[in-house]
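Written below as structure tokens is the structure these notes are about.
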Amino acid sequence: MNIALIHSGVAGTEDGYRDDGRHRYRIERIHRAWQPCFDGDDVVLVPNGANHVALLSARERLQAFVARGGALLCFCGFFTPWVPGYLWRHDYRRPLRDLRYHIDQDPLQLCDGVEAERLCVDAHGLRGGWACGEIVGAEGEVLHDHVVLRDNHGRALMVADRDTRAGLVIATASGPLSDDNPDAADDQGARRLYRNILRACRAHHEARHGG
Amino acid sequence: MAAERIGMIYNGVWSQQVVASAPKYRDFIDLLYVHELTTTALQRYQALIVPFQNDHQALAHQRDALYALLARGGHIAVFGDTAVWLDARWVARPLDNHWWKSHPHTPPVAHTRFDHPLFAGLTPREAGFHHHGVYLALPPRAEVLQRSAQGEVITWQTDVYGGMLLASTMDPIVEHGVQQIRHLDALVDQLIEWLCGRRPAATPMCAA
């Protein structure tokens, strides 16, 4: 599976995204006259610390990628409207340390083996360092469908949508996900969730290509 | 310094935008998108903030304009890691957040020059938190302002280029935007005042 990793020039972006027998990452580096081509990609991955001004400028290309069946993953606060169907809003009035997460709907089984509490409390024991703000619909509407994770205020922290378009859209409320985590006990946290998302992308890819 | 606005080099990252557009700070800061920077735009500013999570390779295209700003007496404050256009050497170090739980009043930035206007009057918790690596080599006439508990350089400044260039591997901007640390108003307010001579209102950003 070919994965385009969006690189915004932030040091360490590629950490945690390594090729293996099933996944090949391609660095798609944002620059001044960025006009990305995703023709050879099965997945476009936007990691934490991304340039959402540049992503907005590539909105039509990203929407076309999803419309033709690609999988779009965004693990950063998408405050500009480039993710098809969804928008992320920041809200710094609610202290992150007071947040609790719970699993809502999970038809893609993204949370198999994942404990929401492990996402919410990091390796140092600090609470609330994963997600910020909430995901809403493209018009700002509260989401009822496709919400995988919510917080204790009922806000959507993660969405997974394979129904609205030919492609798959999975996004977190800025919660970072990768295959790398210094915490060896993360098998119920962010690393497990990321591996489950890759599994869902492979299943989506095989369904499209008859693999 | 004159009561001027500060330019913040902006890489399209949400937390940078949150701080610059907050009611508390929007009268002090202009966002300067890193991929649209021009020498002419930079000439309008006497002070710049370069927050963490930036595209330093893109910024390096304006290296001459950045040092020209310093040469005419301006200030630049650079936060985070790998600023390739600095005459300094940065290296990574493991991120230390254990202290919040184990020693909440003893941050990993253990030694701070509280006589510097950026840190004057702050508590150790306000002046120091986690950092993103350390500096191993510094430009001429560099003065160390903060060190880790291991004695490594976190924050320094130099006037060798004319104005004042300050660099720190801490980052009060992105962290303030994220708001996991809820007490960064004090440091950011001092930074704003140090750079432009005006101080934001005392109301916390998240309450405005």
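For the structure tokens, the naming scheme is as follows: chains receive sequential letters (A, B, ...) according to their order of presentation, residues are indexed from 1 within each chain, and ligands are indexed from 1 in presentation order.
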Checklist entry - Can you tell me, as a count of residues only, what residues are no more than 9 Å from Gly69 of chain A when counting only C-alpha atoms, ignoring any on the same chain fewer than 6 positions away? => result 8
Next on the checklist: With only C-alpha atoms as the counted atoms, please give the residues lying no more than 10 Å from Asn196 of chain A, apart from itself and same-chain residues fewer than 5 positions off, as a list in words.
Outcome noted: Leu108, Gln109, Leu110, Cys111, Asp112, Gly113, Val114, Ala190, Arg191, Cys201 and Arg202 of chain A
Now that the selection is made, can you save its residues with C-alpha atoms as a PDB file, in the first residue's frame?
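In the end it all went to again_24.pdb:
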ATOM      1  CA  LEU A 108     -14.381  -0.507  11.084  1.00  0.00           C
ATOM      2  CA  GLN A 109     -13.120  -1.966  14.388  1.00  0.00           C
ATOM      3  CA  LEU A 110     -10.484   0.730  14.656  1.00  0.00           C
ATOM      4  CA  CYS A 111     -10.570   0.530  18.432  1.00  0.00           C
ATOM      5  CA  ASP A 112     -10.065  -3.219  18.704  1.00  0.00           C
ATOM      6  CA  GLY A 113      -7.703  -3.667  21.625  1.00  0.00           C
ATOM      7  CA  VAL A 114      -7.560   0.089  22.243  1.00  0.00           C
ATOM      8  CA  ALA A 190      -2.083   5.442  19.974  1.00  0.00           C
ATOM      9  CA  ARG A 191       0.183   2.891  18.305  1.00  0.00           C
ATOM     10  CA  CYS A 201      -6.969   1.154   4.880  1.00  0.00           C
ATOM     11  CA  ARG A 202      -5.626  -2.157   3.567  1.00  0.00           C
TER      12      ARG A 202
END
Per residue of chain A within 8 Å of chain B, note the shortest atom pair and the distance in Å to one decimal, counting only C-alpha atoms, and order the rows by chain and increasing residue number, as JSON lines.
{"residue": "A:Ser8", "atom": "CA", "partner": "B:Asp55", "partner_atom": "CA", "distance": 6.6}
{"residue": "A:Gly9", "atom": "CA", "partner": "B:Asp55", "partner_atom": "CA", "distance": 4.4}
{"residue": "A:Val10", "atom": "CA", "partner": "B:Gln53", "partner_atom": "CA", "distance": 5.2}
{"residue": "A:Ala11", "atom": "CA", "partner": "B:Thr82", "partner_atom": "CA", "distance": 7.0}
{"residue": "A:His31", "atom": "CA", "partner": "B:His35", "partner_atom": "CA", "distance": 6.9}
{"residue": "A:Arg32", "atom": "CA", "partner": "B:His35", "partner_atom": "CA", "distance": 4.9}
{"residue": "A:Gly49", "atom": "CA", "partner": "B:Val13", "partner_atom": "CA", "distance": 6.0}
{"residue": "A:Ala50", "atom": "CA", "partner": "B:Val13", "partner_atom": "CA", "distance": 5.7}
{"residue": "A:Asn51", "atom": "CA", "partner": "B:Gly12", "partner_atom": "CA", "distance": 4.1}
{"residue": "A:His52", "atom": "CA", "partner": "B:Gly12", "partner_atom": "CA", "distance": 5.1}
{"residue": "A:Val53", "atom": "CA", "partner": "B:Gly12", "partner_atom": "CA", "distance": 4.9}
{"residue": "A:Ala54", "atom": "CA", "partner": "B:Gly12", "partner_atom": "CA", "distance": 7.1}
{"residue": "A:Gly77", "atom": "CA", "partner": "B:Trp14", "partner_atom": "CA", "distance": 6.2}
{"residue": "A:Phe78", "atom": "CA", "partner": "B:Trp14", "partner_atom": "CA", "distance": 7.5}
{"residue": "A:Phe79", "atom": "CA", "partner": "B:Trp14", "partner_atom": "CA", "distance": 6.5}
{"residue": "A:Tyr92", "atom": "CA", "partner": "B:Cys206", "partner_atom": "CA", "distance": 5.6}
{"residue": "A:Arg93", "atom": "CA", "partner": "B:Cys206", "partner_atom": "CA", "distance": 5.5}
{"residue": "A:Pro95", "atom": "CA", "partner": "B:Gln180", "partner_atom": "CA", "distance": 7.2}
{"residue": "A:Leu96", "atom": "CA", "partner": "B:Gln180", "partner_atom": "CA", "distance": 5.9}
{"residue": "A:Arg97", "atom": "CA", "partner": "B:Gln180", "partner_atom": "CA", "distance": 7.3}
{"residue": "A:His124", "atom": "CA", "partner": "B:His98", "partner_atom": "CA", "distance": 5.0}
{"residue": "A:Gly125", "atom": "CA", "partner": "B:Lys101", "partner_atom": "CA", "distance": 7.1}
{"residue": "A:Leu126", "atom": "CA", "partner": "B:Lys101", "partner_atom": "CA", "distance": 7.5}
{"residue": "A:Gly128", "atom": "CA", "partner": "B:Gln180", "partner_atom": "CA", "distance": 7.4}
{"residue": "A:Gly129", "atom": "CA", "partner": "B:Gln180", "partner_atom": "CA", "distance": 6.5}
{"residue": "A:Cys132", "atom": "CA", "partner": "B:Val178", "partner_atom": "CA", "distance": 7.4}
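You can rank A:Ala207, A:Ile27, A:Ile103, A:Ile135 by their closest distance to Leu5 of chain A using only C-alpha atoms, and at the top of that list sits A:Ile27.
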Checklist entry - Any idea what's packed within 6 Å of segment 141-150 of chain B, counting only C-alpha atoms, ignoring anything in its chain fewer than 3 positions away? Could you give it as a ChimeraX atom specification? => result /B:108-113,153-158
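Taking atom CA of Leu32 of chain B as the reference point, atom CA of Met8 of chain B is found at 5.7 Å.
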Next on the checklist: Quick check for you: according to DSSP on this backbone, which residues of segment 5-142 of chain B are classed as strand (DSSP E or B)? Reply as a VMD selection string.
Outcome noted: chain B and resid 6 to 10 29 to 33 47 to 50 75 to 79 89 to 91 109 to 112 134 to 137
Store the residues picked out above in a file with N, CA and C atoms, as a PDB file, in the first residue's frame.
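New file part-v2.pdb:
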ATOM      1  N   ILE B   6       4.526  42.819  15.990  1.00  0.00           N
ATOM      2  CA  ILE B   6       5.514  41.749  15.869  1.00  0.00           C
ATOM      3  C   ILE B   6       5.098  40.839  14.716  1.00  0.00           C
ATOM      4  N   GLY B   7       6.054  40.449  13.897  1.00  0.00           N
ATOM      5  CA  GLY B   7       5.771  39.450  12.865  1.00  0.00           C
ATOM      6  C   GLY B   7       6.003  38.058  13.418  1.00  0.00           C
ATOM      7  N   MET B   8       5.040  37.172  13.190  1.00  0.00           N
ATOM      8  CA  MET B   8       5.223  35.780  13.619  1.00  0.00           C
ATOM      9  C   MET B   8       5.302  34.900  12.374  1.00  0.00           C
ATOM     10  N   ILE B   9       6.432  34.231  12.205  1.00  0.00           N
ATOM     11  CA  ILE B   9       6.618  33.350  11.053  1.00  0.00           C
ATOM     12  C   ILE B   9       5.680  32.147  11.219  1.00  0.00           C
ATOM     13  N   TYR B  10       4.836  31.947  10.239  1.00  0.00           N
ATOM     14  CA  TYR B  10       3.676  31.066  10.352  1.00  0.00           C
ATOM     15  C   TYR B  10       3.777  29.951   9.317  1.00  0.00           C
ATOM     16  N   ILE B  29       0.360  40.918  17.095  1.00  0.00           N
ATOM     17  CA  ILE B  29       1.053  39.958  16.220  1.00  0.00           C
ATOM     18  C   ILE B  29       0.436  39.935  14.827  1.00  0.00           C
ATOM     19  N   ASP B  30       1.292  39.944  13.818  1.00  0.00           N
ATOM     20  CA  ASP B  30       0.886  39.663  12.433  1.00  0.00           C
ATOM     21  C   ASP B  30       1.451  38.310  12.033  1.00  0.00           C
ATOM     22  N   LEU B  31       0.610  37.458  11.449  1.00  0.00           N
ATOM     23  CA  LEU B  31       1.102  36.191  10.919  1.00  0.00           C
ATOM     24  C   LEU B  31       1.754  36.424   9.560  1.00  0.00           C
ATOM     25  N   LEU B  32       2.962  35.905   9.400  1.00  0.00           N
ATOM     26  CA  LEU B  32       3.692  36.021   8.132  1.00  0.00           C
ATOM     27  C   LEU B  32       3.902  34.597   7.608  1.00  0.00           C
ATOM     28  N   TYR B  33       3.111  34.222   6.625  1.00  0.00           N
ATOM     29  CA  TYR B  33       3.145  32.848   6.119  1.00  0.00           C
ATOM     30  C   TYR B  33       4.519  32.550   5.524  1.00  0.00           C
ATOM     31  N   ALA B  47      10.671  43.307  14.925  1.00  0.00           N
ATOM     32  CA  ALA B  47      10.717  42.150  15.822  1.00  0.00           C
ATOM     33  C   ALA B  47       9.977  40.980  15.184  1.00  0.00           C
ATOM     34  N   LEU B  48      10.562  39.807  15.329  1.00  0.00           N
ATOM     35  CA  LEU B  48       9.965  38.583  14.800  1.00  0.00           C
ATOM     36  C   LEU B  48       9.940  37.504  15.875  1.00  0.00           C
ATOM     37  N   ILE B  49       8.885  36.686  15.820  1.00  0.00           N
ATOM     38  CA  ILE B  49       8.841  35.438  16.578  1.00  0.00           C
ATOM     39  C   ILE B  49       8.835  34.295  15.562  1.00  0.00           C
ATOM     40  N   VAL B  50       9.702  33.320  15.799  1.00  0.00           N
ATOM     41  CA  VAL B  50       9.707  32.113  14.966  1.00  0.00           C
ATOM     42  C   VAL B  50       9.319  30.956  15.875  1.00  0.00           C
ATOM     43  N   HIS B  75      14.890  42.662  16.809  1.00  0.00           N
ATOM     44  CA  HIS B  75      14.940  41.483  17.675  1.00  0.00           C
ATOM     45  C   HIS B  75      14.306  40.295  16.947  1.00  0.00           C
ATOM     46  N   ILE B  76      14.886  39.122  17.098  1.00  0.00           N
ATOM     47  CA  ILE B  76      14.276  37.877  16.619  1.00  0.00           C
ATOM     48  C   ILE B  76      14.342  36.861  17.747  1.00  0.00           C
ATOM     49  N   ALA B  77      13.199  36.218  18.018  1.00  0.00           N
ATOM     50  CA  ALA B  77      13.136  35.152  19.018  1.00  0.00           C
ATOM     51  C   ALA B  77      12.740  33.868  18.308  1.00  0.00           C
ATOM     52  N   VAL B  78      13.596  32.858  18.394  1.00  0.00           N
ATOM     53  CA  VAL B  78      13.411  31.590  17.677  1.00  0.00           C
ATOM     54  C   VAL B  78      13.182  30.484  18.703  1.00  0.00           C
ATOM     55  N   PHE B  79      12.116  29.715  18.521  1.00  0.00           N
ATOM     56  CA  PHE B  79      11.788  28.673  19.494  1.00  0.00           C
ATOM     57  C   PHE B  79      11.703  27.298  18.833  1.00  0.00           C
ATOM     58  N   ARG B  89      24.566  25.054  16.707  1.00  0.00           N
ATOM     59  CA  ARG B  89      24.338  23.620  16.466  1.00  0.00           C
ATOM     60  C   ARG B  89      23.359  23.075  17.486  1.00  0.00           C
ATOM     61  N   TRP B  90      22.269  22.535  16.983  1.00  0.00           N
ATOM     62  CA  TRP B  90      21.206  21.970  17.805  1.00  0.00           C
ATOM     63  C   TRP B  90      21.270  20.458  17.740  1.00  0.00           C
ATOM     64  N   VAL B  91      20.974  19.789  18.843  1.00  0.00           N
ATOM     65  CA  VAL B  91      20.818  18.330  18.812  1.00  0.00           C
ATOM     66  C   VAL B  91      19.572  17.944  19.607  1.00  0.00           C
ATOM     67  N   VAL B 109      14.047  22.568  32.768  1.00  0.00           N
ATOM     68  CA  VAL B 109      14.875  23.762  32.562  1.00  0.00           C
ATOM     69  C   VAL B 109      15.162  24.307  33.955  1.00  0.00           C
ATOM     70  N   ALA B 110      16.335  23.936  34.471  1.00  0.00           N
ATOM     71  CA  ALA B 110      16.589  24.091  35.904  1.00  0.00           C
ATOM     72  C   ALA B 110      17.268  25.402  36.273  1.00  0.00           C
ATOM     73  N   HIS B 111      17.955  26.009  35.312  1.00  0.00           N
ATOM     74  CA  HIS B 111      18.735  27.210  35.620  1.00  0.00           C
ATOM     75  C   HIS B 111      18.325  28.329  34.668  1.00  0.00           C
ATOM     76  N   THR B 112      17.768  29.381  35.217  1.00  0.00           N
ATOM     77  CA  THR B 112      17.256  30.497  34.415  1.00  0.00           C
ATOM     78  C   THR B 112      17.834  31.806  34.928  1.00  0.00           C
ATOM     79  N   VAL B 134      18.782  20.543  22.708  1.00  0.00           N
ATOM     80  CA  VAL B 134      19.694  21.509  23.328  1.00  0.00           C
ATOM     81  C   VAL B 134      20.615  22.073  22.249  1.00  0.00           C
ATOM     82  N   TYR B 135      21.300  23.171  22.576  1.00  0.00           N
ATOM     83  CA  TYR B 135      22.314  23.732  21.686  1.00  0.00           C
ATOM     84  C   TYR B 135      23.701  23.322  22.183  1.00  0.00           C
ATOM     85  N   LEU B 136      24.511  22.823  21.264  1.00  0.00           N
ATOM     86  CA  LEU B 136      25.884  22.422  21.602  1.00  0.00           C
ATOM     87  C   LEU B 136      26.903  23.475  21.199  1.00  0.00           C
ATOM     88  N   ALA B 137      26.578  24.277  20.185  1.00  0.00           N
ATOM     89  CA  ALA B 137      27.499  25.332  19.749  1.00  0.00           C
ATOM     90  C   ALA B 137      26.692  26.604  19.517  1.00  0.00           C
TER      91      ALA B 137
END
Item to check | Test item, helix (DSSP H, G or I) assignment across chain B, answer as a ChimeraX atom specification | outcome: /B:14-21,34-36,39-42,56-60,63-71,99-102,124-127,172-178,185-196,205-207
Residues at most 7 Å from Val169 of chain A, counting only C-alpha atoms, excluding those fewer than 6 positions away in the same chain, as a PDB file with C-alpha atoms, in the first residue's frame?
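File produced: out15.pdb:
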ATOM      1  CA  ALA A  71      -7.991   6.852   1.962  1.00  0.00           C
ATOM      2  CA  LEU A  72      -7.350  10.207   3.646  1.00  0.00           C
ATOM      3  CA  LEU A  73      -5.958  10.232   7.190  1.00  0.00           C
ATOM      4  CA  ALA A 160     -14.186   7.401  10.242  1.00  0.00           C
ATOM      5  CA  ASP A 161     -16.359   7.733   7.155  1.00  0.00           C
ATOM      6  CA  ARG A 162     -16.439   5.172   4.322  1.00  0.00           C
TER       7      ARG A 162
END
Checklist entry - What is the atom CA of Trp34 of chain A to atom CA of Leu69 of chain B distance in Å? => result 28.0 Å
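For Leu118 of chain B, the set of protein, DNA and RNA residues having any atom at most 9 Å away, when counting only C-alpha atoms and skipping those fewer than 5 positions along the same chain, is Ala127, Leu187, Val188, Asp189, Gln190, Leu191, Glu193 and Trp194 of chain B.
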Write a file of the just-selected residues containing N, CA and C atoms, as an mmCIF file, in the first residue's frame.
data_model
loop_
_atom_site.group_PDB
_atom_site.id
_atom_site.type_symbol
_atom_site.label_atom_id
_atom_site.label_comp_id
_atom_site.auth_asym_id
_atom_site.auth_seq_id
_atom_site.Cartn_x
_atom_site.Cartn_y
_atom_site.Cartn_z
ATOM 1 N N ALA B 127 8.775 29.960 33.876
ATOM 2 C CA ALA B 127 9.908 30.258 32.994
ATOM 3 C C ALA B 127 10.457 29.025 32.286
ATOM 4 N N LEU B 187 4.787 34.074 30.538
ATOM 5 C CA LEU B 187 5.974 34.070 29.689
ATOM 6 C C LEU B 187 5.686 34.714 28.331
ATOM 7 N N VAL B 188 4.546 34.394 27.738
ATOM 8 C CA VAL B 188 4.227 34.972 26.430
ATOM 9 C C VAL B 188 4.035 36.490 26.553
ATOM 10 N N ASP B 189 3.410 36.929 27.620
ATOM 11 C CA ASP B 189 3.226 38.373 27.824
ATOM 12 C C ASP B 189 4.586 39.081 27.940
ATOM 13 N N GLN B 190 5.501 38.452 28.667
ATOM 14 C CA GLN B 190 6.852 39.046 28.804
ATOM 15 C C GLN B 190 7.553 39.096 27.447
ATOM 16 N N LEU B 191 7.359 38.017 26.669
ATOM 17 C CA LEU B 191 7.976 37.958 25.341
ATOM 18 C C LEU B 191 7.452 39.091 24.457
ATOM 19 N N GLU B 193 6.138 41.911 25.375
ATOM 20 C CA GLU B 193 6.610 43.209 25.877
ATOM 21 C C GLU B 193 8.093 43.407 25.543
ATOM 22 N N TRP B 194 8.873 42.349 25.668
ATOM 23 C CA TRP B 194 10.305 42.453 25.351
ATOM 24 C C TRP B 194 10.517 42.791 23.879
#
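We find atom CA of Gly73 of chain B and atom CA of Glu4 of chain B to be spaced 13.7 Å apart.
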